[in-house]
file protein_5.txt (compact mmCIF, C-alpha atoms)
# COMPACT_ATOMS: atom_id res chain seq x y z
CA MET A 11 -18.58 -39.62 7.60
CA LYS A 12 -16.26 -36.67 8.18
CA GLN A 13 -18.76 -35.08 10.55
CA ALA A 14 -19.01 -38.36 12.48
CA CYS A 15 -15.23 -38.47 12.93
CA VAL A 16 -15.19 -34.88 14.20
CA THR A 17 -17.97 -35.65 16.65
CA GLN A 18 -16.15 -38.74 17.88
CA GLU A 19 -12.94 -36.78 18.47
CA LEU A 20 -14.80 -34.07 20.37
CA ASN A 21 -16.41 -36.69 22.57
CA GLN A 22 -13.00 -38.20 23.30
CA ARG A 23 -11.59 -34.80 24.26
CA MET A 24 -14.30 -34.02 26.81
CA PRO A 25 -13.12 -36.39 29.59
CA ILE A 26 -9.54 -35.09 29.15
CA ALA A 27 -10.64 -31.49 29.69
CA SER A 28 -12.62 -32.51 32.75
CA PHE A 29 -9.64 -34.43 34.14
CA LEU A 30 -7.27 -31.51 33.62
CA ASP A 31 -9.67 -29.21 35.49
CA TYR A 32 -9.73 -31.80 38.27
CA LEU A 33 -5.93 -31.76 38.45
CA ARG A 34 -5.90 -28.00 38.78
CA SER A 35 -8.76 -27.48 41.22
CA GLU A 36 -8.80 -30.66 43.30
CA ARG A 37 -5.24 -31.95 43.13
CA ASN A 38 -3.57 -28.52 42.97
CA ARG A 39 -1.14 -29.67 40.28
CA SER A 40 1.15 -27.14 38.63
CA GLU A 41 0.49 -25.96 35.10
CA HIS A 42 3.69 -27.69 34.03
CA THR A 43 2.38 -31.03 35.31
CA VAL A 44 -1.05 -30.45 33.77
CA ARG A 45 0.52 -29.72 30.38
CA ASN A 46 2.64 -32.88 30.55
CA TYR A 47 -0.43 -34.97 31.42
CA GLU A 48 -2.37 -33.42 28.56
CA VAL A 49 0.39 -34.16 26.03
CA ALA A 50 0.50 -37.81 27.15
CA LEU A 51 -3.29 -38.25 27.02
CA ARG A 52 -3.62 -36.56 23.62
CA SER A 53 -0.87 -38.84 22.35
CA PHE A 54 -2.66 -41.97 23.52
CA GLN A 55 -5.97 -40.67 22.19
CA SER A 56 -4.48 -40.04 18.74
CA PHE A 57 -2.91 -43.49 18.80
CA PHE A 58 -6.00 -45.53 19.61
CA MET A 59 -8.17 -43.50 17.24
CA SER A 60 -5.66 -44.16 14.45
CA LEU A 61 -6.23 -47.88 14.83
CA GLY A 62 -9.55 -47.44 13.06
CA GLU A 63 -11.51 -49.81 15.28
CA GLY A 64 -13.99 -47.32 16.72
CA LEU A 65 -12.18 -47.42 20.05
CA SER A 66 -12.97 -45.03 22.89
CA TRP A 67 -11.66 -44.35 26.36
CA GLU A 68 -14.26 -46.81 27.63
CA THR A 69 -13.37 -49.65 25.26
CA VAL A 70 -9.57 -49.66 24.96
CA ASP A 71 -7.92 -52.62 26.67
CA SER A 72 -4.46 -53.54 27.93
CA ASP A 73 -3.39 -54.78 24.50
CA VAL A 74 -3.96 -51.31 23.04
CA VAL A 75 -1.93 -49.75 25.84
CA ARG A 76 0.92 -52.19 25.22
CA GLU A 77 0.82 -51.41 21.50
CA TRP A 78 1.11 -47.74 22.41
CA VAL A 79 4.17 -48.45 24.55
CA ILE A 80 5.80 -50.32 21.66
CA HIS A 81 4.88 -47.48 19.30
CA MET A 82 6.49 -44.89 21.58
CA MET A 83 9.70 -46.87 21.99
CA ASP A 84 10.12 -48.20 18.45
CA GLU A 85 8.63 -45.55 16.19
CA GLU A 86 9.01 -42.44 18.34
CA ASP A 87 12.31 -43.60 19.86
CA LYS A 88 11.33 -42.47 23.34
CA LYS A 89 13.37 -43.48 26.36
CA ALA A 90 12.01 -45.74 29.09
CA THR A 91 11.77 -42.83 31.52
CA THR A 92 9.58 -40.81 29.13
CA VAL A 93 7.37 -43.81 28.37
CA ASN A 94 6.84 -44.52 32.07
CA LEU A 95 5.88 -40.89 32.70
CA SER A 96 3.28 -41.16 29.94
CA LEU A 97 1.93 -44.38 31.45
CA SER A 98 1.76 -42.69 34.85
CA ALA A 99 -0.37 -39.90 33.37
CA LEU A 100 -2.65 -42.47 31.75
CA ARG A 101 -3.02 -44.40 35.02
CA SER A 102 -4.02 -41.24 36.83
CA PHE A 103 -6.55 -40.46 34.12
CA TYR A 104 -8.17 -43.88 34.33
CA HIS A 105 -8.23 -43.66 38.11
CA TYR A 106 -10.21 -40.44 37.65
CA LEU A 107 -12.56 -42.14 35.18
CA GLN A 108 -13.18 -44.89 37.72
CA LEU A 109 -13.89 -42.35 40.47
CA THR A 110 -16.41 -40.59 38.25
CA GLY A 111 -18.03 -43.83 37.15
CA LYS A 112 -17.03 -43.52 33.50
CA VAL A 113 -15.23 -46.87 33.46
CA ALA A 114 -15.38 -49.92 35.72
CA LYS A 115 -11.79 -51.09 35.23
CA SER A 116 -8.51 -49.55 34.16
CA PRO A 117 -6.82 -51.10 31.10
CA LEU A 118 -3.48 -50.47 32.81
CA SER A 119 -4.06 -52.84 35.74
CA ASN A 120 -1.87 -55.52 34.14
CA VAL A 121 0.49 -53.25 32.21
CA THR A 122 4.05 -52.64 33.39
CA GLY A 123 6.31 -50.02 31.88
CA PRO A 124 9.71 -50.67 30.34
CA LYS A 125 12.60 -51.00 32.71
CA LYS A 126 15.08 -48.17 32.74
CA PRO A 127 18.48 -49.45 31.57
CA LYS A 128 20.98 -49.63 34.39
CA GLN A 129 23.69 -47.05 34.03
CA LEU A 130 27.05 -48.52 34.86
CA PRO A 131 29.13 -46.50 37.29
CA ALA A 132 31.59 -44.12 35.64
CA PHE A 133 35.18 -44.37 36.79
CA VAL A 134 38.55 -42.88 35.95
CA ARG A 135 41.29 -45.12 34.63
CA GLU A 136 44.25 -45.89 36.85
CA ASP A 137 46.88 -44.30 34.64
CA ASP A 138 44.83 -41.09 34.49
CA MET A 139 44.49 -40.99 38.29
CA GLU A 140 48.19 -41.68 38.75
CA ARG A 141 49.01 -38.86 36.37
CA LEU A 142 46.62 -36.49 38.14
CA LEU A 143 47.91 -37.27 41.62
CA ASP A 144 51.62 -37.72 40.92
CA GLU A 145 52.48 -35.65 37.87
CA CYS A 146 50.08 -32.71 37.56
CA GLU A 147 50.96 -29.44 39.21
CA TYR A 148 48.58 -27.71 41.61
CA ALA A 149 48.12 -24.10 42.65
CA PRO A 150 50.80 -22.83 45.01
CA GLY A 151 50.06 -22.53 48.70
CA PHE A 152 47.17 -23.74 50.79
CA SER A 153 44.51 -24.17 48.08
CA GLY A 154 46.73 -26.40 45.95
CA VAL A 155 47.63 -28.65 48.90
CA ARG A 156 43.96 -28.89 49.87
CA ASP A 157 42.74 -29.66 46.34
CA HIS A 158 45.32 -32.39 45.91
CA LEU A 159 44.34 -33.93 49.26
CA ILE A 160 40.63 -33.92 48.35
CA LEU A 161 41.32 -35.97 45.22
CA GLU A 162 43.58 -38.34 47.14
CA LEU A 163 41.03 -38.78 49.93
CA LEU A 164 38.14 -39.54 47.61
CA TYR A 165 40.15 -41.92 45.46
CA SER A 166 41.85 -43.76 48.31
CA THR A 167 38.89 -44.13 50.69
CA GLY A 168 35.74 -44.15 48.54
CA MET A 169 34.00 -41.65 50.79
CA ARG A 170 30.86 -39.81 49.71
CA ARG A 171 31.01 -36.06 49.16
CA ALA A 172 28.92 -35.39 52.29
CA GLU A 173 31.16 -37.67 54.35
CA ILE A 174 34.38 -35.97 53.39
CA LEU A 175 32.84 -32.56 54.07
CA ASP A 176 31.69 -33.63 57.54
CA LEU A 177 35.14 -34.84 58.63
CA THR A 178 36.62 -33.15 61.70
CA ASP A 179 40.23 -33.21 62.84
CA SER A 180 39.31 -35.66 65.60
CA ASP A 181 38.07 -38.17 62.99
CA LEU A 182 41.61 -38.60 61.70
CA ARG A 183 43.68 -41.21 63.52
CA LEU A 184 46.95 -40.89 61.66
CA ALA A 185 48.96 -42.90 64.20
CA GLU A 186 46.55 -45.82 63.74
CA GLY A 187 46.24 -45.35 59.99
CA LEU A 188 42.46 -44.92 60.22
CA VAL A 189 39.76 -42.35 59.54
CA LYS A 190 36.36 -42.42 61.23
CA VAL A 191 33.53 -41.70 58.78
CA THR A 192 29.94 -40.83 59.62
CA GLY A 193 27.70 -42.02 56.81
CA LYS A 194 23.99 -42.12 56.07
CA ARG A 195 21.68 -42.24 59.09
CA ASN A 196 24.70 -41.37 61.27
CA LYS A 197 26.21 -44.83 60.90
CA GLN A 198 29.94 -44.77 61.57
CA ARG A 199 32.67 -46.88 60.03
CA LEU A 200 36.47 -46.98 60.05
CA ILE A 201 38.46 -46.81 56.82
CA PRO A 202 42.19 -47.57 56.68
CA ILE A 203 44.45 -44.92 55.17
CA SER A 204 47.81 -45.51 53.56
CA PRO A 205 51.11 -43.91 54.61
CA THR A 206 50.97 -41.82 51.44
CA LEU A 207 47.54 -40.44 52.34
CA SER A 208 48.62 -39.84 55.93
CA SER A 209 51.56 -37.83 54.62
CA HIS A 210 49.26 -35.68 52.45
CA ILE A 211 46.95 -35.10 55.41
CA ALA A 212 49.92 -33.94 57.50
CA ASP A 213 50.99 -31.58 54.69
CA TYR A 214 47.47 -30.14 54.56
CA LEU A 215 47.31 -29.58 58.33
CA LYS A 216 50.64 -27.78 58.19
CA ALA A 217 49.54 -25.60 55.26
CA ARG A 218 46.25 -24.81 56.97
CA GLU A 219 48.04 -23.71 60.13
CA GLU A 220 50.49 -21.55 58.17
CA ASN A 221 47.74 -19.98 56.06
CA PHE A 222 45.54 -19.22 59.07
CA PRO A 223 47.97 -18.50 61.91
CA ASP A 224 45.30 -16.58 63.84
CA GLY A 225 42.71 -19.32 63.48
CA TYR A 226 39.80 -19.84 61.10
CA VAL A 227 36.01 -19.81 61.42
CA GLY A 228 35.40 -23.29 60.00
CA THR A 229 34.71 -26.24 62.26
CA ARG A 230 35.46 -29.04 59.82
CA PHE A 231 38.68 -30.64 58.63
CA LEU A 232 38.42 -29.21 55.12
CA ILE A 233 38.02 -25.47 54.78
CA GLY A 234 37.82 -23.01 51.90
CA ASP A 235 40.26 -20.30 50.95
CA HIS A 236 38.58 -17.83 53.34
CA GLY A 237 38.68 -20.10 56.37
CA LYS A 238 35.06 -21.24 56.28
CA ASP A 239 33.87 -24.84 56.04
CA LEU A 240 34.11 -26.11 52.47
CA ARG A 241 30.71 -26.16 50.71
CA PRO A 242 29.36 -29.03 48.55
CA ASP A 243 29.48 -26.90 45.39
CA GLU A 244 33.09 -25.96 46.08
CA ILE A 245 34.29 -29.54 46.36
CA GLN A 246 32.22 -30.42 43.28
CA LYS A 247 34.02 -27.68 41.34
CA ILE A 248 37.45 -28.73 42.60
CA VAL A 249 36.93 -32.34 41.54
CA LYS A 250 35.37 -31.49 38.17
CA GLU A 251 38.08 -29.04 37.18
CA ASN A 252 40.89 -31.38 38.16
CA LEU A 253 39.42 -34.48 36.55
CA SER A 254 39.03 -32.43 33.37
CA ARG A 255 42.82 -32.32 33.22
CA VAL A 256 43.07 -36.06 32.62
CA THR A 257 39.73 -37.25 31.20
CA ASN A 258 37.08 -36.06 28.76
CA GLN A 259 34.31 -38.25 30.17
CA GLU A 260 31.03 -36.47 30.85
CA ARG A 261 30.71 -37.41 34.50
CA ARG A 262 33.43 -35.85 36.63
CA SER A 263 32.31 -35.66 40.24
CA PRO A 264 33.23 -36.83 43.75
CA HIS A 265 30.92 -39.81 43.22
CA VAL A 266 32.93 -40.83 40.16
CA LEU A 267 36.00 -41.11 42.41
CA ARG A 268 33.93 -43.23 44.80
CA HIS A 269 33.16 -45.54 41.87
CA THR A 270 36.83 -45.51 40.89
CA PHE A 271 37.79 -46.66 44.38
CA ALA A 272 35.23 -49.48 44.34
CA THR A 273 36.04 -50.81 40.89
CA ALA A 274 39.76 -50.74 41.63
CA MET A 275 39.31 -52.72 44.82
CA LEU A 276 36.89 -55.25 43.35
CA ASN A 277 38.78 -55.96 40.18
CA ASN A 278 42.05 -56.43 41.96
CA GLY A 279 41.07 -59.05 44.48
CA ALA A 280 38.93 -57.43 47.19
CA ASP A 281 35.75 -59.31 48.10
CA LEU A 282 32.32 -57.69 47.90
CA GLN A 283 31.70 -57.83 51.65
CA SER A 284 34.88 -55.87 52.37
CA ILE A 285 34.02 -53.24 49.78
CA GLN A 286 30.50 -53.04 51.18
CA ARG A 287 31.85 -52.26 54.66
CA LEU A 288 34.40 -49.75 53.38
CA MET A 289 31.80 -47.88 51.35
CA GLY A 290 29.07 -47.99 53.96
CA HIS A 291 26.52 -49.76 51.77
CA GLU A 292 23.60 -51.20 53.74
CA SER A 293 22.85 -53.81 51.08
CA LEU A 294 25.31 -56.00 49.22
CA THR A 295 23.10 -55.55 46.16
CA THR A 296 24.28 -51.94 45.94
CA THR A 297 27.88 -53.05 45.88
CA GLN A 298 27.24 -55.76 43.28
CA VAL A 299 26.65 -53.17 40.55
CA TYR A 300 30.41 -53.02 40.15
CA THR A 301 30.54 -56.65 39.05
CA HIS A 302 28.83 -55.63 35.80
CA LEU A 303 31.88 -53.70 34.67
CA SER A 304 34.31 -55.22 32.21
CA PHE A 305 36.74 -57.29 34.21
CA GLU A 306 39.09 -57.74 31.29
CA GLU A 307 39.43 -54.01 30.68
CA LEU A 308 39.93 -53.34 34.35
CA LYS A 309 42.53 -56.07 34.63
CA ASN A 310 44.57 -54.23 32.05
CA THR A 311 44.23 -50.86 33.79
CA TYR A 312 44.47 -51.63 37.49
CA LYS A 313 47.34 -53.19 39.36
CA LYS A 314 46.89 -55.79 42.01
CA SER A 315 45.01 -54.34 44.99
CA HIS A 316 44.56 -50.57 45.26
CA PRO A 317 47.52 -48.81 43.64
CA ARG A 318 47.74 -45.87 46.05
CA SER A 319 48.42 -48.18 48.96
CA HIS A 320 51.78 -49.03 47.37
CA THR A 321 52.82 -45.56 46.27
CA PRO A 322 56.00 -44.66 48.16
CA VAL A 323 56.08 -41.49 50.20
CA SER A 324 58.21 -38.95 48.36
call {"tool": "encode", "arguments": {"input": "protein_5.txt", "output": "structure tokens"}}
result
Amino acid sequence: MKQACVTQELNQRMPIASFLDYLRSERNRSEHTVRNYEVALRSFQSFFMSLGEGLSWETVDSDVVREWVIHMMDEEDKKATTVNLSLSALRSFYHYLQLTGKVAKSPLSNVTGPKKPKQLPAFVREDDMERLLDECEYAPGFSGVRDHLILELLYSTGMRRAEILDLTDSDLRLAEGLVKVTGKRNKQRLIPISPTLSSHIADYLKAREENFPDGYVGTRFLIGDHGKDLRPDEIQKIVKENLSRVTNQERRSPHVLRHTFATAMLNNGADLQSIQRLMGHESLTTTQVYTHLSFEELKNTYKKSHPRSHTPVS
């Protein structure tokens, strides 16, 4: 009996080894990918052999696969992403078995993986943003003025990191209270800016001129300490370090301030279509993610409409 079990296991391993060789030689997959596929296939093999029904790669059906999914999620506590990667490896394996004539039909044809839980957008609370923008001190000189403006711009306009980095001086229409933004696929939109933000922009332009009286090599509105265009990693660092002063949340990025802008607007009376246009979303579905946030909590933390639009110029 023991010898029969060993023989059965060896027979089950043979198509896996052949498939892995196929991945390397024919599909040119990396060793990392091959190892991940092997782990997933060995896991499924161990599972269906443990059922004690004399199952093989040729005889397992969709019910066995679904049992394996449940086993991974309930007993092994694996996340949906990991489970779906394992199912992807198994689908590829059965596609190979079909190509080589080992099986006529894949048991995964009617199997769908678990949905990945939607991650609600992270945002910074109003009182924390007010404290950061109105009470915290910044570095003296040009860099401090610039860093403060970056936070104000992101929070008050909802721009993406790439959009704020691509701004040029000509995009700013301070007299009209507007900024022209070039978004994804070069689509342009106009975003209103408050008197407070206009004042901070003017302060930055003055500081930039004083700090670089002989000119600078950058071509964009925002530049680094050495006069070159600000890089994505630099603005990421500026935002992360400053948000760390007022919040301990894990996500502290320019995109978090974009979420903060959107949730503030939505939960204080703005309609979805207006937010969609301001943020440059192509689909209203993208904007609707913000409706899943707790309205009651936001009602207690945000004032009516966007708070920065009412902040008096000091």
call {"tool": "axis_aligned_box", "arguments": {"input": "protein_5.txt", "around": "stretch 109-114 of chain A", "padding_each_side": "4 Å", "output": "AutoDock Vina command-line options"}}
result
--center_x -16.0 --center_y -45.3 --center_z 37.0 --size_x 12.1 --size_y 17.3 --size_z 15.0
call {"tool": "closest_residue", "arguments": {"input": "protein_5.txt", "among": "A:Val49, A:Ile233, A:Ile80, A:Asn252", "to": "A:Glu147", "atoms": "all atoms listed in the file"}}
result
A:Asn252
call {"tool": "closest_residue", "arguments": {"input": "protein_5.txt", "among": "A:Gly154, A:Pro242, A:Pro264, A:Gly193", "to": "A:Ala217", "atoms": "only C-alpha atoms"}}
result
A:Gly154
call {"tool": "atom_distance", "arguments": {"input": "protein_5.txt", "atom1": "atom CA of A:Ala272", "atom2": "atom CA of A:Arg170"}}
result
11.9 Å
call {"tool": "atom_distance", "arguments": {"input": "protein_5.txt", "atom1": "atom CA of A:Ser53", "atom2": "atom CA of A:Arg37"}}
result
22.3 Å
call {"tool": "residues_around", "arguments": {"input": "protein_5.txt", "residues": "A:Val75", "least_positions_apart": "2", "cutoff": "9 Å", "atoms": "all atoms listed in the file", "output": "VMD selection string"}}
result
chain A and resid 54 58 70 to 73 77 to 80 97 117 to 118 121
call {"tool": "closest_residue", "arguments": {"input": "protein_5.txt", "among": "A:Ser284, A:Ser180, A:Met59, A:Arg195", "to": "A:Arg230", "atoms": "only C-alpha atoms"}}
result
A:Ser180
call {"tool": "closest_residue", "arguments": {"input": "protein_5.txt", "among": "A:Met289, A:Leu182, A:Met24, A:Ala132", "to": "A:Gln259", "atoms": "only C-alpha atoms"}}
result
A:Ala132
call {"tool": "residues_around", "arguments": {"input": "protein_5.txt", "residues": "A:Ser96", "least_positions_apart": "3", "cutoff": "10 Å", "atoms": "all atoms listed in the file", "output": "list of chain:residue names"}}
result
A:Asn46, A:Tyr47, A:Glu48, A:Val49, A:Ala50, A:Leu51, A:Ser53, A:Phe54, A:Val79, A:Met82, A:Ala90, A:Thr91, A:Thr92, A:Val93, A:Ala99, A:Leu100, A:Arg101, A:Gly123
call {"tool": "closest_residue", "arguments": {"input": "protein_5.txt", "among": "A:Asn196, A:Ser116, A:Pro205, A:Asp239", "to": "A:Arg183", "atoms": "only C-alpha atoms"}}
result
A:Pro205
call {"tool": "atom_distance", "arguments": {"input": "protein_5.txt", "atom1": "atom CA of A:Gln246", "atom2": "atom CA of A:Arg171"}}
result
8.2 Å
call {"tool": "closest_residue", "arguments": {"input": "protein_5.txt", "among": "A:Leu288, A:Leu107, A:Ala172, A:Ala149", "to": "A:Asp243", "atoms": "only C-alpha atoms"}}
result
A:Ala172
call {"tool": "residues_around", "arguments": {"input": "protein_5.txt", "residues": "A:Ile174", "least_positions_apart": "4", "cutoff": "9 Å", "atoms": "all atoms listed in the file", "output": "NGL selection string"}}
result
:A and (160 or 163-164 or 169-170 or 191 or 231-232)
call {"tool": "residues_near_point", "arguments": {"input": "protein_5.txt", "point": "(53.2, -26.9, 54.1)", "cutoff": "12 Å", "atoms": "all atoms listed in the file", "output": "list in words"}}
result
Pro150, Gly151, Phe152, Ser153, Gly154, Val155, Arg156, Ser209, His210, Ile211, Ala212, Asp213, Tyr214, Leu215, Lys216, Ala217, Arg218, Glu219, Glu220, Asn221 and Phe222 of chain A
call {"tool": "residues_around", "arguments": {"input": "protein_5.txt", "residues": "A:Lys112", "least_positions_apart": "4", "cutoff": "9 Å", "atoms": "all atoms listed in the file", "output": "list in words"}}
result
Trp67, Glu68, Tyr104, Tyr106, Leu107 and Gln108 of chain A
